[in-house]
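Structure record follows, encoded as structure tokens.
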Amino acid sequence: MTLRRRSAQAPSRTRSAKGIPLDSLSPLDRRLLERAVALGRRGWGRVHPNPMVGAVVARDGSVIAEGHHGELGGPHAEARALAELAGEVGATLYTSLEPCRHRGRTPPCTEAIVGAGVARVVYWAADPNPEAGGGGDWLRGRGVRVEGPFGEEGDWAAENPLFHHRVAAAADPEPRPYLALKLAMSVDGKIAPSGGRRVWLTGPEARAEVHRLRAGFGAILVGTRTWQADNPALTARGAVAPLRPPIPVLLDRRGEATPELRALGNRAARAIVVTEPSARAPLGERLRGRAEVVAVPNGPGGLDLSGVLGSLGERGVESVLSEGGGVLGASLLAHGLVDRLYLFVAPAVIGPGGVEAFPSPTSPGGDMVDSLAGWRQRLEPVRFGSDTLIVLDREVSSIPATGAKS
């Protein structure tokens, strides 16, 4: 991965802090810091509610140890990397997140750093958690040379979106789950041919990445048209075994779901079916033992989507991946409920008459190009086979810089 010299703003609704400019890093420091960030990504789906963190230890320009936070309750990245040292002192530790200074499931990383005789710490992102943050200053007070944070909060939040959202939600009297919208689309902005005929736009590599993404979310949300047409299982079946399987969530305003749906057969994560109040009782009886039936009021054009997310939040769901379809995605965007977009773009042209990726919620044949205004690309595009994943995050305003070197 590459640390961006300039970035858009944070996907959260908080204002964005800035650190030291990345240009002040030496080429070696930047390369090893990028390595630490890349290592941290290996914790996706396994460490929440903790952040994903990677660490690299180097001496005289050579890497001598590295590690990442790989399991909730397990050693943090810094501790794993430092455990590989054979009594060497005076090294430099590069870490993707400011070392924590609090005792939780594991001891403070700051104490491990001092105990290992680390002479210098270079960290990328400031820790937004008031209970764990401040590790940089703690180390400076013990004679360790500390440099960081670098870049800006928008980039830090893009690497750890669920963690940053969770910290911000703790101060929100009415928090809602973090919501990401995933769409597979052609280069001309369509998700299906005329009539909505089902086709696989993306290849197996992209579909495998979707399963990896699912592993990191608390729930997977689909609209009525999607579960009726595709009957998806909505499970994470990939290289990453989620610490907690995502909960399938089906929108069903008219109460038409049946017990045979594949999403209702997941014993590891009991499904939630959301319907309008008048349909709750008969639907609940029909799906008894197969799903929890939740009622929310109707809104313009369908169920009240804010109410849907609120109900999920009340049940402990902190993050949601919405997988369709286009009308549901457009409605979520129109109501300002989406924090991140995962756009899988296939090298195909569907042409006139195809189903728009972003139709108007009130006019299915319409266009919603304006719905993408105010979104910025924060992470580098990634190729999966012949398909390209583009990630867009919501933009917010920034505030003055706060980074420091010592």
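Letters A, B, ... go to the chains of the structure tokens in the order shown; residues in each chain start at 1; ligands are counted from 1 in the same order.
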
Notebook entry, point to check: Which parts of region 75-146 of chain A does DSSP call strand (DSSP E or B) when run on the backbone here, written out as a count of residues only?
Noted result: 14

Next item on the list: Name the residues in contact with region 199-205 of chain A at a cut-off of 9 Å, using only C-alpha atoms, excluding same-chain residues fewer than 4 positions from it; report them as a ChimeraX atom specification.
Entry: /A:184-186,191-193,209-210,344-348,383-387

Kindly provide the residues of region 85-196 of chain A that approach region 40-64 of chain A to within 7 Å, each paired with its closest atom pair and their distance in Å to one decimal, based on only C-alpha atoms, listed by chain and increasing number, as a tab-separated table.
residue	atom	partner	partner_atom	distance
A:Ala91	CA	A:Arg59	CA	4.9
A:Thr92	CA	A:Ala58	CA	5.3
A:Leu93	CA	A:Val57	CA	4.6
A:Tyr94	CA	A:Val56	CA	5.0
A:Thr95	CA	A:Ala55	CA	4.3
A:Ser96	CA	A:Gly54	CA	5.6
A:Leu97	CA	A:Val53	CA	6.2
A:Asn160	CA	A:Pro51	CA	6.1
A:Phe163	CA	A:Pro51	CA	5.5

Any chance you can output those residues with all heavy atoms as a PDB file, in the first residue's frame?
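Saved result, again-v8.pdb, follows:
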ATOM      1  N   ALA A  91      16.612  -0.047  18.792  1.00  0.00           N
ATOM      2  CA  ALA A  91      15.971  -0.171  17.482  1.00  0.00           C
ATOM      3  C   ALA A  91      14.905   0.910  17.297  1.00  0.00           C
ATOM      4  O   ALA A  91      14.558   1.653  18.216  1.00  0.00           O
ATOM      5  CB  ALA A  91      15.351  -1.552  17.336  1.00  0.00           C
ATOM      6  N   THR A  92      14.369   0.985  16.069  1.00  0.00           N
ATOM      7  CA  THR A  92      13.250   1.874  15.748  1.00  0.00           C
ATOM      8  C   THR A  92      12.006   1.032  15.521  1.00  0.00           C
ATOM      9  O   THR A  92      12.045   0.027  14.799  1.00  0.00           O
ATOM     10  CB  THR A  92      13.546   2.706  14.494  1.00  0.00           C
ATOM     11  OG1 THR A  92      14.648   3.579  14.744  1.00  0.00           O
ATOM     12  CG2 THR A  92      12.335   3.551  14.098  1.00  0.00           C
ATOM     13  N   LEU A  93      10.912   1.436  16.145  1.00  0.00           N
ATOM     14  CA  LEU A  93       9.632   0.753  15.979  1.00  0.00           C
ATOM     15  C   LEU A  93       8.722   1.608  15.109  1.00  0.00           C
ATOM     16  O   LEU A  93       8.492   2.787  15.403  1.00  0.00           O
ATOM     17  CB  LEU A  93       8.970   0.523  17.339  1.00  0.00           C
ATOM     18  CG  LEU A  93       7.525   0.004  17.319  1.00  0.00           C
ATOM     19  CD1 LEU A  93       7.472  -1.423  16.807  1.00  0.00           C
ATOM     20  CD2 LEU A  93       6.895   0.101  18.715  1.00  0.00           C
ATOM     21  N   TYR A  94       8.220   1.021  14.027  1.00  0.00           N
ATOM     22  CA  TYR A  94       7.253   1.681  13.150  1.00  0.00           C
ATOM     23  C   TYR A  94       5.898   1.018  13.397  1.00  0.00           C
ATOM     24  O   TYR A  94       5.779  -0.207  13.326  1.00  0.00           O
ATOM     25  CB  TYR A  94       7.642   1.526  11.682  1.00  0.00           C
ATOM     26  CG  TYR A  94       8.971   2.127  11.322  1.00  0.00           C
ATOM     27  CD1 TYR A  94      10.159   1.398  11.499  1.00  0.00           C
ATOM     28  CD2 TYR A  94       9.060   3.413  10.803  1.00  0.00           C
ATOM     29  CE1 TYR A  94      11.386   1.950  11.179  1.00  0.00           C
ATOM     30  CE2 TYR A  94      10.289   3.966  10.476  1.00  0.00           C
ATOM     31  CZ  TYR A  94      11.447   3.229  10.668  1.00  0.00           C
ATOM     32  OH  TYR A  94      12.667   3.779  10.347  1.00  0.00           O
ATOM     33  N   THR A  95       4.897   1.818  13.679  1.00  0.00           N
ATOM     34  CA  THR A  95       3.580   1.255  13.935  1.00  0.00           C
ATOM     35  C   THR A  95       2.496   2.095  13.261  1.00  0.00           C
ATOM     36  O   THR A  95       2.630   3.315  13.130  1.00  0.00           O
ATOM     37  CB  THR A  95       3.317   1.146  15.455  1.00  0.00           C
ATOM     38  OG1 THR A  95       2.022   0.596  15.685  1.00  0.00           O
ATOM     39  CG2 THR A  95       3.415   2.498  16.133  1.00  0.00           C
ATOM     40  N   SER A  96       1.445   1.426  12.813  1.00  0.00           N
ATOM     41  CA  SER A  96       0.392   2.120  12.074  1.00  0.00           C
ATOM     42  C   SER A  96      -0.508   2.948  12.973  1.00  0.00           C
ATOM     43  O   SER A  96      -1.227   3.822  12.493  1.00  0.00           O
ATOM     44  CB  SER A  96      -0.442   1.112  11.279  1.00  0.00           C
ATOM     45  OG  SER A  96      -1.059   0.168  12.149  1.00  0.00           O
ATOM     46  N   LEU A  97      -0.486   2.695  14.293  1.00  0.00           N
ATOM     47  CA  LEU A  97      -1.325   3.440  15.237  1.00  0.00           C
ATOM     48  C   LEU A  97      -0.495   3.796  16.462  1.00  0.00           C
ATOM     49  O   LEU A  97       0.369   3.022  16.889  1.00  0.00           O
ATOM     50  CB  LEU A  97      -2.536   2.599  15.656  1.00  0.00           C
ATOM     51  CG  LEU A  97      -3.550   3.256  16.596  1.00  0.00           C
ATOM     52  CD1 LEU A  97      -4.293   4.381  15.894  1.00  0.00           C
ATOM     53  CD2 LEU A  97      -4.551   2.215  17.116  1.00  0.00           C
ATOM     54  N   ASN A 160      -9.098   2.303   9.378  1.00  0.00           N
ATOM     55  CA  ASN A 160      -9.806   1.683  10.500  1.00  0.00           C
ATOM     56  C   ASN A 160     -11.198   2.301  10.642  1.00  0.00           C
ATOM     57  O   ASN A 160     -11.524   2.909  11.671  1.00  0.00           O
ATOM     58  CB  ASN A 160      -9.016   1.884  11.793  1.00  0.00           C
ATOM     59  CG  ASN A 160      -8.041   0.759  12.075  1.00  0.00           C
ATOM     60  OD1 ASN A 160      -8.447  -0.396  12.234  1.00  0.00           O
ATOM     61  ND2 ASN A 160      -6.765   1.089  12.142  1.00  0.00           N
ATOM     62  N   PHE A 163     -13.465   1.156  13.692  1.00  0.00           N
ATOM     63  CA  PHE A 163     -12.907   1.597  14.968  1.00  0.00           C
ATOM     64  C   PHE A 163     -13.167   3.084  15.184  1.00  0.00           C
ATOM     65  O   PHE A 163     -13.628   3.504  16.251  1.00  0.00           O
ATOM     66  CB  PHE A 163     -11.416   1.291  15.000  1.00  0.00           C
ATOM     67  CG  PHE A 163     -10.688   1.868  16.186  1.00  0.00           C
ATOM     68  CD1 PHE A 163     -10.952   1.418  17.462  1.00  0.00           C
ATOM     69  CD2 PHE A 163      -9.728   2.860  16.013  1.00  0.00           C
ATOM     70  CE1 PHE A 163     -10.278   1.941  18.561  1.00  0.00           C
ATOM     71  CE2 PHE A 163      -9.048   3.389  17.097  1.00  0.00           C
ATOM     72  CZ  PHE A 163      -9.323   2.933  18.381  1.00  0.00           C
TER      73      PHE A 163
END

Check: Of the residues A:Glu356, A:Glu323, A:Asp304, A:Glu314, which is the one nearest to Asp188 (chain A), using only C-alpha atoms?
Finding: A:Glu356

Under the rule of at most 9 Å, produce a per-residue listing of region 325-352 of chain A near region 219-239 of chain A: chain, number, name, the closest pair of atoms, and the distance in Å, as a Markdown table, using only C-alpha atoms.
| residue | atom | partner | partner_atom | distance |
| --- | --- | --- | --- | --- |
| A:Gly325 | CA | A:Thr226 | CA | 5.9 |
| A:Val327 | CA | A:Gly223 | CA | 8.4 |
| A:Leu328 | CA | A:Gly223 | CA | 6.1 |
| A:Gly329 | CA | A:Gly223 | CA | 9.0 |

Note to self: Excluding Asp127 (chain A) and its own-chain neighbours fewer than 3 positions away, which residues fall within 10 Å of it when counting only C-alpha atoms? Please give them as a list in words.
What the structure shows: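 Here the answer would be Pro51, Ser96, Leu97, Glu98, Pro99, Cys100, Trp124, Pro130, Glu131, Ala132, Gly133, Gly134, Gly135, Gly136, Pro149, Glu153, Trp156, Phe163, His164 and Val167 of chain A.
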
Please dump the current selection as a compact mmCIF listing (two decimals), in the first residue's frame; keep all heavy atoms.
# COMPACT_ATOMS: atom_id res chain seq x y z
N PRO A 51 -8.79 -1.75 16.97
CA PRO A 51 -8.35 -1.32 15.63
C PRO A 51 -7.41 -2.34 15.01
O PRO A 51 -6.80 -3.17 15.70
CB PRO A 51 -7.61 -0.01 15.93
CG PRO A 51 -7.06 -0.21 17.30
CD PRO A 51 -8.12 -1.00 18.04
N SER A 96 1.45 1.43 12.81
CA SER A 96 0.39 2.12 12.07
C SER A 96 -0.51 2.95 12.97
O SER A 96 -1.23 3.82 12.49
CB SER A 96 -0.44 1.11 11.28
OG SER A 96 -1.06 0.17 12.15
N LEU A 97 -0.49 2.69 14.29
CA LEU A 97 -1.33 3.44 15.24
C LEU A 97 -0.49 3.80 16.46
O LEU A 97 0.37 3.02 16.89
CB LEU A 97 -2.54 2.60 15.66
CG LEU A 97 -3.55 3.26 16.60
CD1 LEU A 97 -4.29 4.38 15.89
CD2 LEU A 97 -4.55 2.22 17.12
N GLU A 98 -0.76 4.95 17.02
CA GLU A 98 -0.09 5.38 18.24
C GLU A 98 -0.15 4.26 19.29
O GLU A 98 -1.23 3.72 19.57
CB GLU A 98 -0.79 6.63 18.76
CG GLU A 98 -0.20 7.20 20.04
CD GLU A 98 -0.96 8.43 20.51
OE1 GLU A 98 -2.09 8.66 20.01
OE2 GLU A 98 -0.42 9.16 21.34
N PRO A 99 0.97 3.88 19.88
CA PRO A 99 0.97 2.80 20.88
C PRO A 99 0.02 3.11 22.04
O PRO A 99 -0.02 4.24 22.54
CB PRO A 99 2.43 2.74 21.36
CG PRO A 99 3.22 3.28 20.20
CD PRO A 99 2.34 4.36 19.60
N CYS A 100 -0.74 2.11 22.46
CA CYS A 100 -1.72 2.32 23.53
C CYS A 100 -1.02 2.40 24.88
O CYS A 100 0.03 1.80 25.11
CB CYS A 100 -2.76 1.21 23.53
SG CYS A 100 -2.13 -0.40 24.05
N TRP A 124 1.99 6.26 12.60
CA TRP A 124 1.25 6.92 11.53
C TRP A 124 0.01 7.65 12.03
O TRP A 124 -0.15 8.85 11.84
CB TRP A 124 0.87 5.90 10.46
CG TRP A 124 0.10 6.47 9.31
CD1 TRP A 124 0.44 7.56 8.56
CD2 TRP A 124 -1.14 5.98 8.78
NE1 TRP A 124 -0.51 7.78 7.57
CE2 TRP A 124 -1.48 6.82 7.69
CE3 TRP A 124 -1.96 4.92 9.10
CZ2 TRP A 124 -2.64 6.63 6.94
CZ3 TRP A 124 -3.11 4.72 8.35
CH2 TRP A 124 -3.44 5.57 7.28
N PRO A 130 -10.05 8.04 23.78
CA PRO A 130 -9.53 8.80 24.92
C PRO A 130 -8.95 7.92 26.02
O PRO A 130 -8.11 8.37 26.80
CB PRO A 130 -10.76 9.58 25.41
CG PRO A 130 -11.94 8.83 24.89
CD PRO A 130 -11.49 8.24 23.59
N GLU A 131 -9.38 6.65 26.09
CA GLU A 131 -8.85 5.76 27.12
C GLU A 131 -7.47 5.22 26.78
O GLU A 131 -6.67 4.94 27.66
CB GLU A 131 -9.81 4.59 27.34
CG GLU A 131 -11.17 4.98 27.91
CD GLU A 131 -12.05 3.78 28.15
OE1 GLU A 131 -11.60 2.65 27.86
OE2 GLU A 131 -13.17 3.96 28.64
N ALA A 132 -7.20 5.07 25.48
CA ALA A 132 -5.94 4.46 25.06
C ALA A 132 -4.96 5.45 24.45
O ALA A 132 -3.76 5.18 24.39
CB ALA A 132 -6.22 3.35 24.04
N GLY A 133 -5.46 6.60 23.98
CA GLY A 133 -4.60 7.57 23.31
C GLY A 133 -3.61 8.23 24.26
O GLY A 133 -3.68 8.09 25.48
N GLY A 134 -2.66 8.98 23.68
CA GLY A 134 -1.65 9.65 24.48
C GLY A 134 -0.40 8.85 24.70
O GLY A 134 0.49 9.27 25.45
N GLY A 135 -0.31 7.70 24.06
CA GLY A 135 0.88 6.87 24.23
C GLY A 135 2.15 7.53 23.75
O GLY A 135 3.24 7.31 24.31
N GLY A 136 2.04 8.36 22.72
CA GLY A 136 3.22 9.05 22.20
C GLY A 136 3.83 9.97 23.25
O GLY A 136 5.05 9.96 23.48
N PRO A 149 1.73 11.99 14.98
CA PRO A 149 1.23 11.23 13.83
C PRO A 149 1.56 11.91 12.50
O PRO A 149 1.93 13.08 12.47
CB PRO A 149 -0.28 11.22 14.07
CG PRO A 149 -0.54 12.54 14.75
CD PRO A 149 0.66 12.77 15.63
N GLU A 153 -6.49 12.73 9.68
CA GLU A 153 -7.47 11.81 10.24
C GLU A 153 -8.30 11.11 9.17
O GLU A 153 -8.74 9.98 9.36
CB GLU A 153 -8.38 12.53 11.22
CG GLU A 153 -9.32 11.60 11.96
CD GLU A 153 -10.32 12.33 12.84
OE1 GLU A 153 -10.33 13.57 12.79
OE2 GLU A 153 -11.06 11.66 13.55
N TRP A 156 -6.45 8.09 8.34
CA TRP A 156 -6.43 7.16 9.47
C TRP A 156 -7.78 6.44 9.59
O TRP A 156 -7.83 5.23 9.80
CB TRP A 156 -6.12 7.90 10.77
CG TRP A 156 -4.93 8.80 10.72
CD1 TRP A 156 -3.84 8.67 9.89
CD2 TRP A 156 -4.70 9.98 11.49
NE1 TRP A 156 -2.95 9.70 10.11
CE2 TRP A 156 -3.45 10.52 11.09
CE3 TRP A 156 -5.43 10.64 12.49
CZ2 TRP A 156 -2.92 11.69 11.65
CZ3 TRP A 156 -4.90 11.79 13.06
CH2 TRP A 156 -3.66 12.30 12.64
N PHE A 163 -13.46 1.16 13.69
CA PHE A 163 -12.91 1.60 14.97
C PHE A 163 -13.17 3.08 15.18
O PHE A 163 -13.63 3.50 16.25
CB PHE A 163 -11.42 1.29 15.00
CG PHE A 163 -10.69 1.87 16.19
CD1 PHE A 163 -10.95 1.42 17.46
CD2 PHE A 163 -9.73 2.86 16.01
CE1 PHE A 163 -10.28 1.94 18.56
CE2 PHE A 163 -9.05 3.39 17.10
CZ PHE A 163 -9.32 2.93 18.38
N HIS A 164 -12.89 3.90 14.17
CA HIS A 164 -13.10 5.34 14.30
C HIS A 164 -14.58 5.65 14.50
O HIS A 164 -14.94 6.53 15.29
CB HIS A 164 -12.56 6.06 13.07
CG HIS A 164 -11.11 6.37 13.15
ND1 HIS A 164 -10.63 7.64 13.40
CD2 HIS A 164 -10.02 5.57 13.07
CE1 HIS A 164 -9.30 7.60 13.43
NE2 HIS A 164 -8.91 6.36 13.24
N VAL A 167 -15.56 4.88 18.14
CA VAL A 167 -15.11 5.89 19.09
C VAL A 167 -16.01 7.12 19.02
O VAL A 167 -16.42 7.68 20.03
CB VAL A 167 -13.65 6.27 18.83
CG1 VAL A 167 -13.23 7.47 19.66
CG2 VAL A 167 -12.73 5.09 19.11

Next item on the list: Would you please extract all helix (DSSP H, G or I) residues from region 131-320 of chain A, as assigned by DSSP on the backbone, and give them as a PyMOL selection string?
Entry: chain A and resi 135-140+153-159+161-169+194-196+204-214+224-230+262-265+277-286+305-314
